[in-house]
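Content type TSV, C-alpha atoms, from the file run.tsv:
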```tsv
chain	number	residue	atom	x	y	z
A	1	MET	CA	0.00	0.00	0.00
A	2	TYR	CA	2.80	2.35	0.95
A	3	ILE	CA	4.64	1.46	-2.28
A	4	ASN	CA	1.59	2.18	-4.42
A	5	GLU	CA	0.98	5.57	-2.86
A	6	ASP	CA	4.62	6.44	-3.22
A	7	ALA	CA	4.62	5.39	-6.87
A	8	ILE	CA	1.55	7.48	-7.54
A	9	ARG	CA	3.10	10.48	-5.82
A	10	ARG	CA	6.32	10.10	-7.84
A	11	ALA	CA	4.37	9.78	-11.08
A	12	GLN	CA	2.39	12.89	-10.23
A	13	GLU	CA	5.60	14.80	-9.56
A	14	MET	CA	7.17	13.48	-12.74
A	15	TYR	CA	4.28	14.55	-14.95
A	16	GLY	CA	3.48	17.71	-13.01
A	17	VAL	CA	0.07	16.40	-12.04
A	18	ASN	CA	-1.50	17.52	-8.82
A	19	SER	CA	-5.17	16.70	-8.72
A	20	ALA	CA	-5.94	18.96	-5.76
A	21	ASN	CA	-4.33	21.98	-7.42
A	22	ASN	CA	-5.89	21.23	-10.79
A	23	ALA	CA	-9.34	21.01	-9.32
A	24	ALA	CA	-8.75	24.31	-7.57
A	25	ALA	CA	-7.59	25.91	-10.84
A	26	LEU	CA	-10.76	24.99	-12.70
A	27	PRO	CA	-12.84	28.10	-13.35
A	28	PRO	CA	-16.33	27.78	-11.86
A	29	VAL	CA	-19.02	27.72	-14.55
A	30	ASN	CA	-22.51	27.96	-13.07
A	31	ASP	CA	-24.23	28.94	-16.27
A	32	PRO	CA	-22.71	26.98	-19.19
A	33	GLU	CA	-25.05	28.63	-21.69
A	34	LYS	CA	-23.94	32.12	-20.74
A	35	ALA	CA	-20.29	31.04	-20.66
A	36	TYR	CA	-20.62	29.53	-24.12
A	37	ALA	CA	-22.29	32.67	-25.45
A	38	GLU	CA	-19.47	34.82	-24.07
A	39	LEU	CA	-16.84	32.49	-25.46
A	40	THR	CA	-18.40	32.50	-28.93
A	41	ARG	CA	-18.61	36.28	-28.92
A	42	GLN	CA	-15.03	36.63	-27.66
A	43	GLU	CA	-13.74	34.24	-30.32
A	44	TYR	CA	-15.24	36.37	-33.04
A	45	LEU	CA	-13.91	39.61	-31.55
A	46	ASP	CA	-10.43	38.06	-31.27
A	47	TYR	CA	-10.58	37.00	-34.89
A	48	VAL	CA	-11.60	40.49	-35.99
A	49	GLN	CA	-8.82	42.06	-33.94
A	50	ASN	CA	-6.02	39.63	-34.82
A	51	TYR	CA	-6.75	38.10	-38.20
A	52	ARG	CA	-9.28	40.15	-40.15
A	53	SER	CA	-6.74	42.50	-41.72
A	54	PHE	CA	-4.41	39.55	-42.33
A	55	GLU	CA	-7.19	37.75	-44.20
A	56	GLU	CA	-8.07	40.81	-46.23
A	57	GLY	CA	-4.39	41.24	-47.09
A	58	LEU	CA	-4.25	37.67	-48.37
A	59	LEU	CA	-7.39	38.10	-50.45
A	60	ASP	CA	-5.92	41.22	-51.96
A	61	LYS	CA	-2.60	39.50	-52.61
A	62	ALA	CA	-4.28	36.56	-54.34
A	63	ARG	CA	-5.76	38.99	-56.86
A	64	THR	CA	-2.96	41.48	-57.38
A	65	ASP	CA	0.42	39.89	-56.57
A	66	THR	CA	3.02	40.29	-59.34
A	67	SER	CA	6.17	39.81	-57.28
A	68	LEU	CA	7.40	36.77	-59.25
A	69	ILE	CA	7.21	38.62	-62.55
A	70	ASP	CA	8.89	41.72	-61.10
A	71	GLN	CA	11.68	39.60	-59.69
A	72	ALA	CA	12.22	37.78	-63.00
A	73	ARG	CA	12.65	41.15	-64.71
A	74	GLU	CA	15.23	42.21	-62.14
A	75	ASP	CA	17.08	38.92	-62.54
A	76	VAL	CA	17.81	39.58	-66.22
A	77	GLY	CA	20.34	42.31	-65.40
A	78	LEU	CA	21.68	40.41	-62.43
A	79	ALA	CA	22.38	37.21	-64.38
A	80	SER	CA	24.12	39.12	-67.17
A	81	GLN	CA	26.41	40.93	-64.76
A	82	LEU	CA	27.15	37.77	-62.78
A	83	THR	CA	28.11	35.66	-65.78
A	84	LYS	CA	30.20	38.44	-67.29
A	85	GLN	CA	32.19	38.60	-64.07
A	86	VAL	CA	32.64	34.81	-64.00
A	87	ALA	CA	33.91	34.82	-67.59
A	88	ASN	CA	36.36	37.65	-66.84
A	89	ARG	CA	37.64	35.89	-63.73
A	90	ASN	CA	38.23	32.70	-65.71
A	91	LEU	CA	40.11	34.59	-68.37
A	92	SER	CA	42.41	36.21	-65.83
A	93	ARG	CA	42.82	32.93	-63.90
A	94	TYR	CA	44.33	31.20	-66.94
A	95	GLY	CA	46.02	34.25	-68.33
A	96	ALA	CA	44.03	33.68	-71.49
A	97	SER	CA	43.30	36.44	-73.90
A	98	LEU	CA	40.64	36.76	-76.56
A	99	THR	CA	40.98	38.54	-79.83
A	100	PRO	CA	38.80	41.65	-80.26
A	101	VAL	CA	36.55	39.65	-82.58
A	102	GLN	CA	36.21	36.87	-80.03
A	103	ARG	CA	35.43	39.42	-77.32
A	104	GLN	CA	32.80	41.00	-79.53
A	105	GLN	CA	31.29	37.61	-80.28
A	106	MET	CA	31.25	36.68	-76.61
A	107	ALA	CA	29.54	39.96	-75.67
A	108	LYS	CA	27.00	39.53	-78.44
A	109	GLY	CA	26.35	35.91	-77.49
A	110	LEU	CA	25.91	36.82	-73.86
A	111	GLU	CA	23.53	39.62	-74.70
A	112	ARG	CA	21.51	37.41	-77.01
A	113	SER	CA	21.32	34.55	-74.51
A	114	ASN	CA	20.49	36.95	-71.74
A	115	VAL	CA	17.64	38.54	-73.65
A	116	LEU	CA	16.25	35.17	-74.75
A	117	GLY	CA	16.70	33.76	-71.25
A	118	GLY	CA	15.03	36.83	-69.81
A	119	ILE	CA	12.01	36.44	-72.08
A	120	GLN	CA	11.76	32.78	-71.11
A	121	ALA	CA	12.21	33.58	-67.40
A	122	VAL	CA	9.54	36.30	-67.42
A	123	SER	CA	7.11	34.03	-69.30
A	124	ASP	CA	7.76	31.26	-66.80
A	125	ALA	CA	7.30	33.75	-63.96
A	126	ARG	CA	3.96	34.84	-65.42
A	127	LEU	CA	2.75	31.25	-65.41
A	128	ALA	CA	4.14	30.62	-61.93
A	129	GLN	CA	2.53	33.81	-60.67
A	130	ARG	CA	-0.83	32.87	-62.10
A	131	GLU	CA	-0.60	29.44	-60.55
A	132	ALA	CA	0.54	30.79	-57.17
A	133	ASN	CA	-2.26	33.35	-57.08
A	134	GLN	CA	-4.81	30.78	-58.20
A	135	THR	CA	-3.67	28.30	-55.55
A	136	LEU	CA	-3.75	30.97	-52.86
A	137	LEU	CA	-7.22	32.04	-53.91
A	138	SER	CA	-8.44	28.43	-53.96
A	139	ASP	CA	-7.05	27.84	-50.48
A	140	LEU	CA	-8.71	31.02	-49.23
A	141	ILE	CA	-12.00	30.04	-50.85
A	142	ASN	CA	-11.74	26.63	-49.20
A	143	ILE	CA	-11.22	28.26	-45.83
A	144	GLY	CA	-14.04	30.70	-46.51
A	145	GLN	CA	-16.34	27.90	-47.55
A	146	GLY	CA	-15.53	25.99	-44.38
A	147	VAL	CA	-16.25	29.09	-42.31
A	148	ASN	CA	-19.46	29.67	-44.22
A	149	ARG	CA	-20.53	26.07	-43.68
A	150	SER	CA	-19.88	26.13	-39.95
A	151	SER	CA	-21.56	29.56	-39.64
A	152	GLN	CA	-24.65	28.28	-41.41
A	153	SER	CA	-24.67	25.22	-39.21
A	154	GLN	CA	-24.33	27.46	-36.13
A	155	LEU	CA	-27.09	29.72	-37.37
A	156	GLY	CA	-29.26	26.71	-38.18
A	157	GLN	CA	-28.79	25.42	-34.65
A	158	SER	CA	-29.70	28.83	-33.21
A	159	ALA	CA	-32.77	29.02	-35.48
A	160	ALA	CA	-33.84	25.50	-34.44
A	161	ASN	CA	-33.44	26.42	-30.79
A	162	ALA	CA	-35.45	29.63	-31.27
A	163	ASN	CA	-38.13	27.71	-33.14
A	164	GLN	CA	-38.27	25.10	-30.42
A	165	LEU	CA	-38.67	27.82	-27.80
A	166	LYS	CA	-41.39	29.51	-29.87
A	167	ASN	CA	-43.27	26.25	-30.22
A	168	ALA	CA	-42.90	25.53	-26.53
A	169	TYR	CA	-44.21	29.03	-25.78
A	170	THR	CA	-47.21	28.58	-28.09
A	171	GLN	CA	-47.97	25.23	-26.52
A	172	ALA	CA	-47.56	26.66	-23.03
A	173	LYS	CA	-49.93	29.53	-23.93
A	174	ALA	CA	-52.49	27.09	-25.31
A	175	ALA	CA	-52.15	24.89	-22.25
A	176	SER	CA	-52.52	27.91	-19.98
A	177	LYS	CA	-55.65	29.04	-21.86
A	178	ALA	CA	-57.06	25.53	-21.72
A	179	GLN	CA	-56.34	25.43	-18.00
A	180	THR	CA	-58.02	28.83	-17.50
A	181	TYR	CA	-61.12	27.78	-19.46
A	182	SER	CA	-61.23	24.53	-17.62
A	183	THR	CA	-61.00	26.33	-14.27
A	184	ILE	CA	-63.71	28.80	-15.31
A	185	GLY	CA	-65.86	25.89	-16.44
A	186	SER	CA	-65.34	24.08	-13.19
A	187	LEU	CA	-66.10	27.23	-11.15
A	188	GLY	CA	-69.22	27.93	-13.27
A	189	ALA	CA	-70.42	24.40	-12.86
A	190	ALA	CA	-69.80	24.57	-9.12
A	191	ALA	CA	-71.73	27.90	-8.94
A	192	ILE	CA	-74.68	26.43	-10.81
A	193	PHE	CA	-74.73	23.46	-8.52
A	194	ALA	CA	-74.45	25.72	-5.46
A	195	PHE	CA	-77.17	28.20	-6.37
A	196	ALA	CA	-79.69	26.27	-8.46
A	197	PHE	CA	-80.23	23.42	-6.02
B	1	MET	CA	-52.23	17.69	-6.93
B	2	GLY	CA	-48.52	17.83	-7.89
B	3	ALA	CA	-46.02	20.18	-6.34
B	4	LYS	CA	-45.05	23.40	-8.10
B	5	PRO	CA	-41.94	22.98	-10.35
B	6	LYS	CA	-38.80	24.18	-8.57
B	7	ALA	CA	-36.26	26.33	-10.42
B	8	GLN	CA	-33.35	24.50	-8.82
B	9	ASP	CA	-34.48	21.24	-10.43
B	10	TYR	CA	-33.87	22.84	-13.81
B	11	LYS	CA	-30.38	24.14	-13.07
B	12	PRO	CA	-27.36	22.44	-14.64
B	13	SER	CA	-26.27	19.29	-12.88
B	14	GLU	CA	-22.90	19.02	-11.14
B	15	ALA	CA	-21.66	16.88	-14.04
B	16	ASP	CA	-22.66	19.58	-16.51
B	17	LYS	CA	-20.91	22.23	-14.46
B	18	ALA	CA	-17.74	20.14	-14.15
B	19	SER	CA	-17.74	19.48	-17.87
B	20	ALA	CA	-18.21	23.18	-18.59
B	21	SER	CA	-15.45	24.06	-16.12
B	22	VAL	CA	-13.02	21.72	-17.82
B	23	ALA	CA	-13.97	23.06	-21.23
B	24	MET	CA	-13.50	26.63	-20.01
B	25	ALA	CA	-10.11	25.76	-18.49
B	26	GLU	CA	-9.01	24.16	-21.77
B	27	TYR	CA	-10.21	27.17	-23.69
B	28	ARG	CA	-8.28	29.55	-21.44
B	29	TYR	CA	-5.19	27.35	-21.66
B	30	PHE	CA	-5.46	27.37	-25.44
B	31	LYS	CA	-5.86	31.13	-25.50
B	32	GLU	CA	-2.91	31.59	-23.20
B	33	LYS	CA	-0.49	29.14	-24.81
B	34	TYR	CA	-1.47	28.59	-28.43
B	35	ASP	CA	-3.10	31.80	-29.51
B	36	PRO	CA	0.12	33.83	-29.06
B	37	LEU	CA	1.95	31.14	-31.01
B	38	LEU	CA	-0.48	31.43	-33.87
B	39	GLN	CA	-0.12	35.20	-33.85
B	40	GLU	CA	3.63	34.75	-33.88
B	41	MET	CA	3.29	32.43	-36.87
B	42	ARG	CA	1.11	35.02	-38.56
B	43	ASP	CA	3.80	37.67	-38.11
B	44	LYS	CA	6.53	35.27	-39.18
B	45	SER	CA	4.63	34.35	-42.32
B	46	LEU	CA	4.53	38.04	-43.19
B	47	THR	CA	8.14	38.88	-42.39
B	48	ASP	CA	10.26	35.76	-42.90
B	49	ASP	CA	12.49	36.05	-45.92
B	50	TYR	CA	12.38	32.66	-47.61
B	51	LYS	CA	13.18	34.24	-50.93
B	52	SER	CA	16.72	35.30	-50.04
B	53	THR	CA	17.53	31.90	-48.58
B	54	LEU	CA	16.27	29.94	-51.55
B	55	ARG	CA	17.69	32.29	-54.16
B	56	GLY	CA	21.05	32.20	-52.43
B	57	ARG	CA	21.00	28.44	-52.52
B	58	ALA	CA	19.90	28.34	-56.13
B	59	SER	CA	22.68	30.69	-57.10
B	60	ALA	CA	25.24	28.62	-55.19
B	61	ASP	CA	23.94	25.40	-56.80
B	62	THR	CA	24.24	26.90	-60.25
B	63	MET	CA	27.75	28.17	-59.66
B	64	GLN	CA	28.78	24.84	-58.19
B	65	ALA	CA	27.38	22.98	-61.17
B	66	LEU	CA	28.89	25.23	-63.81
B	67	THR	CA	32.06	26.73	-62.37
B	68	SER	CA	33.38	24.15	-59.91
B	69	SER	CA	35.94	22.80	-62.37
B	70	PRO	CA	37.21	25.72	-64.43
B	71	SER	CA	39.50	25.02	-67.38
B	72	TYR	CA	41.36	26.95	-70.02
B	73	GLN	CA	39.11	25.44	-72.64
B	74	GLN	CA	36.09	27.05	-70.93
B	75	THR	CA	37.62	30.50	-71.30
B	76	GLN	CA	37.65	30.01	-75.06
B	77	ASN	CA	34.04	28.83	-75.20
B	78	LEU	CA	32.17	31.87	-76.48
B	79	SER	CA	28.68	30.54	-75.72
B	80	ALA	CA	29.42	29.39	-72.14
B	81	ALA	CA	28.66	32.77	-70.57
B	82	GLY	CA	25.31	32.94	-72.36
B	83	ASP	CA	24.41	29.43	-71.27
B	84	MET	CA	25.29	30.33	-67.71
B	85	ALA	CA	23.19	33.50	-67.80
B	86	GLN	CA	20.16	31.51	-68.88
B	87	ALA	CA	20.84	28.87	-66.23
B	88	VAL	CA	21.11	31.51	-63.50
B	89	GLN	CA	17.86	33.13	-64.60
B	90	GLY	CA	16.05	29.78	-64.65
B	91	GLN	CA	17.31	28.68	-61.26
B	92	LEU	CA	16.57	32.02	-59.62
B	93	GLY	CA	13.07	31.92	-61.09
B	94	GLN	CA	12.44	28.49	-59.62
B	95	ALA	CA	13.77	29.56	-56.24
B	96	THR	CA	11.55	32.66	-56.18
B	97	THR	CA	8.52	30.57	-57.11
B	98	SER	CA	9.27	28.02	-54.37
B	99	ALA	CA	9.68	30.80	-51.82
B	100	LYS	CA	6.33	32.25	-52.86
B	101	GLN	CA	4.68	28.85	-52.46
B	102	ILE	CA	6.15	28.45	-48.98
B	103	GLU	CA	5.05	31.94	-47.98
B	104	ASN	CA	1.51	31.45	-49.29
B	105	ARG	CA	1.16	28.05	-47.66
B	106	MET	CA	2.29	29.35	-44.29
B	107	GLN	CA	-0.14	32.23	-44.49
B	108	THR	CA	-3.12	30.09	-45.48
B	109	ASN	CA	-2.20	27.65	-42.71
B	110	VAL	CA	-2.29	30.45	-40.16
B	111	LEU	CA	-5.59	31.75	-41.47
B	112	GLY	CA	-7.08	28.25	-41.66
B	113	THR	CA	-6.16	27.57	-38.06
B	114	ALA	CA	-7.44	30.96	-36.92
B	115	ARG	CA	-10.73	30.32	-38.71
B	116	GLY	CA	-11.04	26.85	-37.23
B	117	GLN	CA	-10.49	25.13	-40.54
B	118	ALA	CA	-8.14	22.31	-41.40
B	119	ALA	CA	-4.56	23.41	-41.74
B	120	ASP	CA	-1.88	21.78	-43.78
B	121	ALA	CA	0.68	20.41	-41.34
B	122	GLN	CA	3.52	20.87	-43.79
B	123	SER	CA	5.55	23.96	-43.26
B	124	GLY	CA	6.48	23.96	-46.92
B	125	MET	CA	10.15	24.31	-46.10
B	126	ALA	CA	10.64	20.74	-47.29
B	127	GLN	CA	10.31	22.26	-50.71
B	128	ALA	CA	13.63	23.92	-50.18
B	129	ALA	CA	15.25	20.50	-50.32
B	130	ARG	CA	13.53	19.72	-53.58
B	131	LEU	CA	14.52	22.84	-55.40
B	132	GLY	CA	14.43	21.63	-58.96
B	133	THR	CA	16.93	22.03	-61.72
B	134	SER	CA	15.85	24.33	-64.48
B	135	THR	CA	16.07	23.37	-68.11
B	136	ALA	CA	18.62	26.09	-68.73
B	137	LEU	CA	20.95	24.79	-66.04
B	138	ALA	CA	20.61	21.24	-67.34
B	139	ARG	CA	21.40	22.46	-70.86
B	140	ALA	CA	24.39	24.49	-69.71
B	141	GLN	CA	25.67	21.47	-67.78
B	142	ALA	CA	25.15	19.23	-70.80
B	143	ASN	CA	27.02	21.69	-73.05
B	144	GLN	CA	29.91	21.75	-70.60
B	145	GLN	CA	29.96	17.96	-70.44
B	146	VAL	CA	30.01	17.64	-74.21
B	147	ALA	CA	32.83	20.17	-74.48
B	148	GLN	CA	34.75	18.36	-71.76
B	149	SER	CA	34.21	14.99	-73.47
B	150	LYS	CA	35.47	16.35	-76.81
B	151	LEU	CA	38.58	17.65	-75.09
B	152	SER	CA	39.14	14.32	-73.31
B	153	ALA	CA	38.72	12.36	-76.54
B	154	ALA	CA	41.17	14.63	-78.37
B	155	THR	CA	43.66	14.34	-75.51
B	156	GLN	CA	43.37	10.54	-75.48
B	157	ILE	CA	43.89	10.25	-79.22
B	158	GLY	CA	46.82	12.71	-79.13
B	159	SER	CA	48.51	10.85	-76.27
B	160	ALA	CA	48.09	7.47	-77.97
B	161	LEU	CA	49.55	8.89	-81.19
B	162	ALA	CA	52.55	10.40	-79.38
B	163	PHE	CA	53.30	7.20	-77.45
B	164	GLN	CA	53.04	5.02	-80.52
B	165	GLY	CA	55.23	7.45	-82.54
B	166	MET	CA	57.94	7.38	-79.86
B	167	ASP	CA	57.68	3.61	-79.75
B	168	ASN	CA	58.06	3.43	-83.55
B	169	MET	CA	61.16	5.64	-83.48
B	170	GLN	CA	62.86	3.28	-81.08
B	171	THR	CA	62.53	0.22	-83.33
B	172	ARG	CA	65.74	-1.02	-85.03
B	173	GLY	CA	66.49	-3.64	-87.71
B	174	PRO	CA	69.08	-6.47	-87.28
B	175	SER	CA	72.68	-5.16	-87.06
B	176	ASP	CA	74.47	-8.22	-88.60
B	177	GLN	CA	74.34	-6.71	-92.14
B	178	GLY	CA	75.72	-3.23	-91.60
B	179	PRO	CA	74.24	-0.32	-89.60
B	180	PRO	CA	70.69	-1.07	-88.43
B	181	THR	CA	67.76	0.79	-89.96
B	182	ALA	CA	66.03	3.11	-87.43
B	183	GLY	CA	62.24	3.47	-87.29
B	184	SER	CA	60.61	6.82	-87.94
B	185	PHE	CA	57.60	8.40	-86.10
B	186	PHE	CA	55.01	6.88	-88.41
B	187	SER	CA	56.90	3.76	-89.59
B	188	PRO	CA	58.48	1.21	-87.27
B	189	VAL	CA	61.15	-1.23	-88.48
B	190	ASP	CA	60.21	-4.89	-88.60
B	191	PRO	CA	62.93	-6.71	-86.58
B	192	ASN	CA	62.46	-9.89	-88.70
B	193	THR	CA	62.96	-8.28	-92.12
B	194	GLY	CA	64.94	-5.20	-91.09
B	195	LYS	CA	62.70	-3.08	-93.34
B	196	LYS	CA	60.37	-0.22	-92.45
B	197	VAL	CA	56.75	-1.22	-92.22
B	198	SER	CA	54.70	0.45	-94.92
B	199	GLY	CA	51.30	-0.14	-96.47
B	200	PHE	CA	48.09	-1.30	-94.83
B	201	GLY	CA	48.66	-5.10	-95.07
B	202	ASP	CA	52.25	-4.78	-93.90
B	203	ARG	CA	51.14	-2.78	-90.84
B	204	ILE	CA	48.47	-5.35	-89.93
B	205	ARG	CA	50.99	-8.16	-90.24
B	206	TYR	CA	53.48	-6.24	-88.07
B	207	SER	CA	50.84	-5.37	-85.45
B	208	THR	CA	49.60	-8.95	-85.16
B	209	GLY	CA	53.15	-10.34	-84.96
B	210	GLY	CA	52.75	-12.33	-88.21
```
Rewrite the coordinates I just gave you, this time as structure tokens.
Amino acid sequence: MYINEDAIRRAQEMYGVNSANNAAALPPVNDPEKAYAELTRQEYLDYVQNYRSFEEGLLDKARTDTSLIDQAREDVGLASQLTKQVANRNLSRYGASLTPVQRQQMAKGLERSNVLGGIQAVSDARLAQREANQTLLSDLINIGQGVNRSSQSQLGQSAANANQLKNAYTQAKAASKAQTYSTIGSLGAAAIFAFAF
Amino acid sequence: MGAKPKAQDYKPSEADKASASVAMAEYRYFKEKYDPLLQEMRDKSLTDDYKSTLRGRASADTMQALTSSPSYQQTQNLSAAGDMAQAVQGQLGQATTSAKQIENRMQTNVLGTARGQAADAQSGMAQAARLGTSTALARAQANQQVAQSKLSAATQIGSALAFQGMDNMQTRGPSDQGPPTAGSFFSPVDPNTGKKVSGFGDRIRYSTGG
């Protein structure tokens, strides 16, 4: 018995479990309905405060982002400069020299390849941009659809609850009226019996 | 006649209250521990610079693939610089696209979680490891390989020719009938006949030891 209690105590220490403290830390909830209502409202307010502008930014980005295309345009100049430097370094490394005609041909070839490569890169970037924006938009629509679905379900539940309450109220009113008429009838009958005979 | 309904009979049971308390505690714990993390992720997804990392790696990959073994022959290749420019552009484009995908995925994950929708557990950074090779880089690499192979083949043939020529020059005819005949670069001397090997059939006979 002593061993078991000791083992339990050690396990509780190991996992940071203390049942007495945990029970004490539990917030008292006397009205779950009210607590749930507050929680739901707070969740929405938190979302508006922390994520609404983020979401709107993403929606805007999915429709207007052109960063891939802009970057591809910038890369054209960068690649040309980089490869020119590499070629010059190689020439000086081996002490090689090119004739003026060779130099001219190399410059022309580099320019031609760079322009053609740039056109290809920008076209690829256009496609990639379209795909990235489309994917982002689809993901956002999926999220939005999920939110819409759960909101409708939430609203449907609220409507069903309200309808149930309305029906219960109508039934209670009818029952009350029936009770009143029945009481009046009973009293009337009693009065007739009391006075007529 | 039944007793009047009592309000306390319609209050939540102790089990309901305990369940609600636990749920409320979990909710507060979540708000305290996980909500700040999600907000941190939101900020990170807006500020983290995946683009620089991936582009840096793409650039390094390209340079490693195309300039890791420089040679004199490369300096004379007039189209190499153009090939490299196209390869750099292609690789950088792929890196930028991958970075955009990572950024977008992180942001939609944050939003999905915030909106209580399913989030993709992947961070997207795994994509960094799969950064593809662009067509331009593959072509530039292939061009370099072909050029290198041509040079190797020429070197092999040249070496074989030089060795065989030297070998031929060292051949001598028999010395019992006067000064021996010496072989030249292209024509060895047959030690059996003491004459220089000439003609196609003669060369085959000499080579096969016949």
Fill in: Length of the CA of Ser80 (chain A) to CA of Leu137 (chain B) vector [Å]
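Computing it gives 14.7 Å between the two atoms.
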Closest atom pairs, chain A residues within 8 Å of chain B, all atoms listed in the file, as a Markdown table:
```
| residue | atom | partner | partner_atom | distance |
| --- | --- | --- | --- | --- |
| A:Leu26 | CA | B:Ala25 | CA | 5.9 |
| A:Pro27 | CA | B:Ser21 | CA | 5.6 |
| A:Pro28 | CA | B:Ser21 | CA | 5.7 |
| A:Val29 | CA | B:Ser21 | CA | 5.3 |
| A:Asn30 | CA | B:Lys17 | CA | 6.1 |
| A:Asp31 | CA | B:Pro12 | CA | 7.4 |
| A:Pro32 | CA | B:Ala20 | CA | 5.9 |
| A:Tyr47 | CA | B:Ala114 | CA | 7.1 |
| A:Asn50 | CA | B:Gln39 | CA | 7.4 |
| A:Tyr51 | CA | B:Leu111 | CA | 7.2 |
| A:Phe54 | CA | B:Leu111 | CA | 7.9 |
| A:Glu55 | CA | B:Leu111 | CA | 6.8 |
| A:Leu58 | CA | B:Gln107 | CA | 7.8 |
| A:Leu68 | CA | B:Thr96 | CA | 6.6 |
| A:Gln71 | CA | B:Thr96 | CA | 7.8 |
| A:Ala72 | CA | B:Gly93 | CA | 6.2 |
| A:Asp75 | CA | B:Gln89 | CA | 6.2 |
| A:Val76 | CA | B:Gln89 | CA | 6.7 |
| A:Ala79 | CA | B:Ala85 | CA | 5.1 |
| A:Ser80 | CA | B:Ala85 | CA | 5.7 |
| A:Leu82 | CA | B:Ala85 | CA | 7.7 |
| A:Thr83 | CA | B:Ala81 | CA | 5.6 |
| A:Lys84 | CA | B:Ala81 | CA | 6.7 |
| A:Val86 | CA | B:Ala81 | CA | 7.9 |
| A:Ala87 | CA | B:Ala81 | CA | 6.4 |
| A:Asn90 | CA | B:Thr75 | CA | 6.0 |
| A:Leu91 | CA | B:Thr75 | CA | 5.6 |
| A:Tyr94 | CA | B:Tyr72 | CA | 6.0 |
| A:Ala96 | CA | B:Thr75 | CA | 7.2 |
| A:Leu98 | CA | B:Gln76 | CA | 7.5 |
| A:Gln102 | CA | B:Leu78 | CA | 7.3 |
| A:Gln105 | CA | B:Leu78 | CA | 6.9 |
| A:Met106 | CA | B:Leu78 | CA | 4.9 |
| A:Gly109 | CA | B:Gly82 | CA | 6.0 |
| A:Leu110 | CA | B:Gly82 | CA | 4.2 |
| A:Glu111 | CA | B:Gly82 | CA | 7.3 |
| A:Arg112 | CA | B:Gly82 | CA | 7.5 |
| A:Ser113 | CA | B:Gly82 | CA | 4.8 |
| A:Asn114 | CA | B:Ala85 | CA | 5.9 |
| A:Leu116 | CA | B:Gln86 | CA | 7.9 |
| A:Gly117 | CA | B:Gln86 | CA | 4.8 |
| A:Gly118 | CA | B:Gln89 | CA | 7.0 |
| A:Ala121 | CA | B:Gly90 | CA | 6.1 |
| A:Asp124 | CA | B:Gly93 | CA | 7.8 |
| A:Ala125 | CA | B:Gly93 | CA | 6.7 |
| A:Ala128 | CA | B:Thr97 | CA | 6.5 |
| A:Gln129 | CA | B:Thr97 | CA | 7.7 |
| A:Ala132 | CA | B:Gln101 | CA | 6.6 |
| A:Leu136 | CA | B:Asn104 | CA | 6.4 |
| A:Asp139 | CA | B:Thr108 | CA | 6.7 |
| A:Leu140 | CA | B:Thr108 | CA | 6.8 |
| A:Ile143 | CA | B:Gly112 | CA | 5.9 |
| A:Gly146 | CA | B:Gln117 | CA | 6.4 |
| A:Val147 | CA | B:Arg115 | CA | 6.7 |
```
Worksheet item: What is the CA of Ile204 (chain B) to CA of Asn168 (chain B) distance in Å?
Response: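 Pair CA of Ile204 (chain B) / CA of Asn168 (chain B) returns 14.5 Å.
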Quick one: axis-aligned box around all listed atoms of region 156-168 of chain B, 6 Å on every side, centre and edge lengths in Å to one decimal, written as AutoDock Vina command-line options.
```
--center_x 50.7 --center_y 8.1 --center_z -79.5 --size_x 26.7 --size_y 21.3 --size_z 20.1
```
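CA of Ala95 (chain B) sits 23.3 Å away from CA of Asp60 (chain A).
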Worksheet item: Which residues come within 12 Å of Gln164 (chain B), counting all atoms listed in the file, excluding same-chain residues fewer than 3 positions away, as a list in words?
Response: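 The residues satisfying every condition are Ile157, Gly158, Ser159, Ala160, Leu161, Asp167, Asn168, Met169, Gln170, Thr171, Gly183, Ser184, Phe185, Phe186, Ser187, Pro188 and Ser207 of chain B.
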May I have the residues from that selection written out with C-alpha atoms, as a compact mmCIF listing (two decimals), keeping the file's coordinate frame?
```
# COMPACT_ATOMS: atom_id res chain seq x y z
CA ILE B 157 43.89 10.25 -79.22
CA GLY B 158 46.82 12.71 -79.13
CA SER B 159 48.51 10.85 -76.27
CA ALA B 160 48.09 7.47 -77.97
CA LEU B 161 49.55 8.89 -81.19
CA ASP B 167 57.68 3.61 -79.75
CA ASN B 168 58.06 3.43 -83.55
CA MET B 169 61.16 5.64 -83.48
CA GLN B 170 62.86 3.28 -81.08
CA THR B 171 62.53 0.22 -83.33
CA GLY B 183 62.24 3.47 -87.29
CA SER B 184 60.61 6.82 -87.94
CA PHE B 185 57.60 8.40 -86.10
CA PHE B 186 55.01 6.88 -88.41
CA SER B 187 56.90 3.76 -89.59
CA PRO B 188 58.48 1.21 -87.27
CA SER B 207 50.84 -5.37 -85.45
```
Fill in: Nearest-residue call for Glu74 (chain A), choices A:Ile119, A:Leu187, A:Tyr36, A:Ala107, using all atoms listed in the file
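Going through A:Ile119, A:Leu187, A:Tyr36, A:Ala107 one by one, the smallest distance to Glu74 (chain A) is for A:Ile119.
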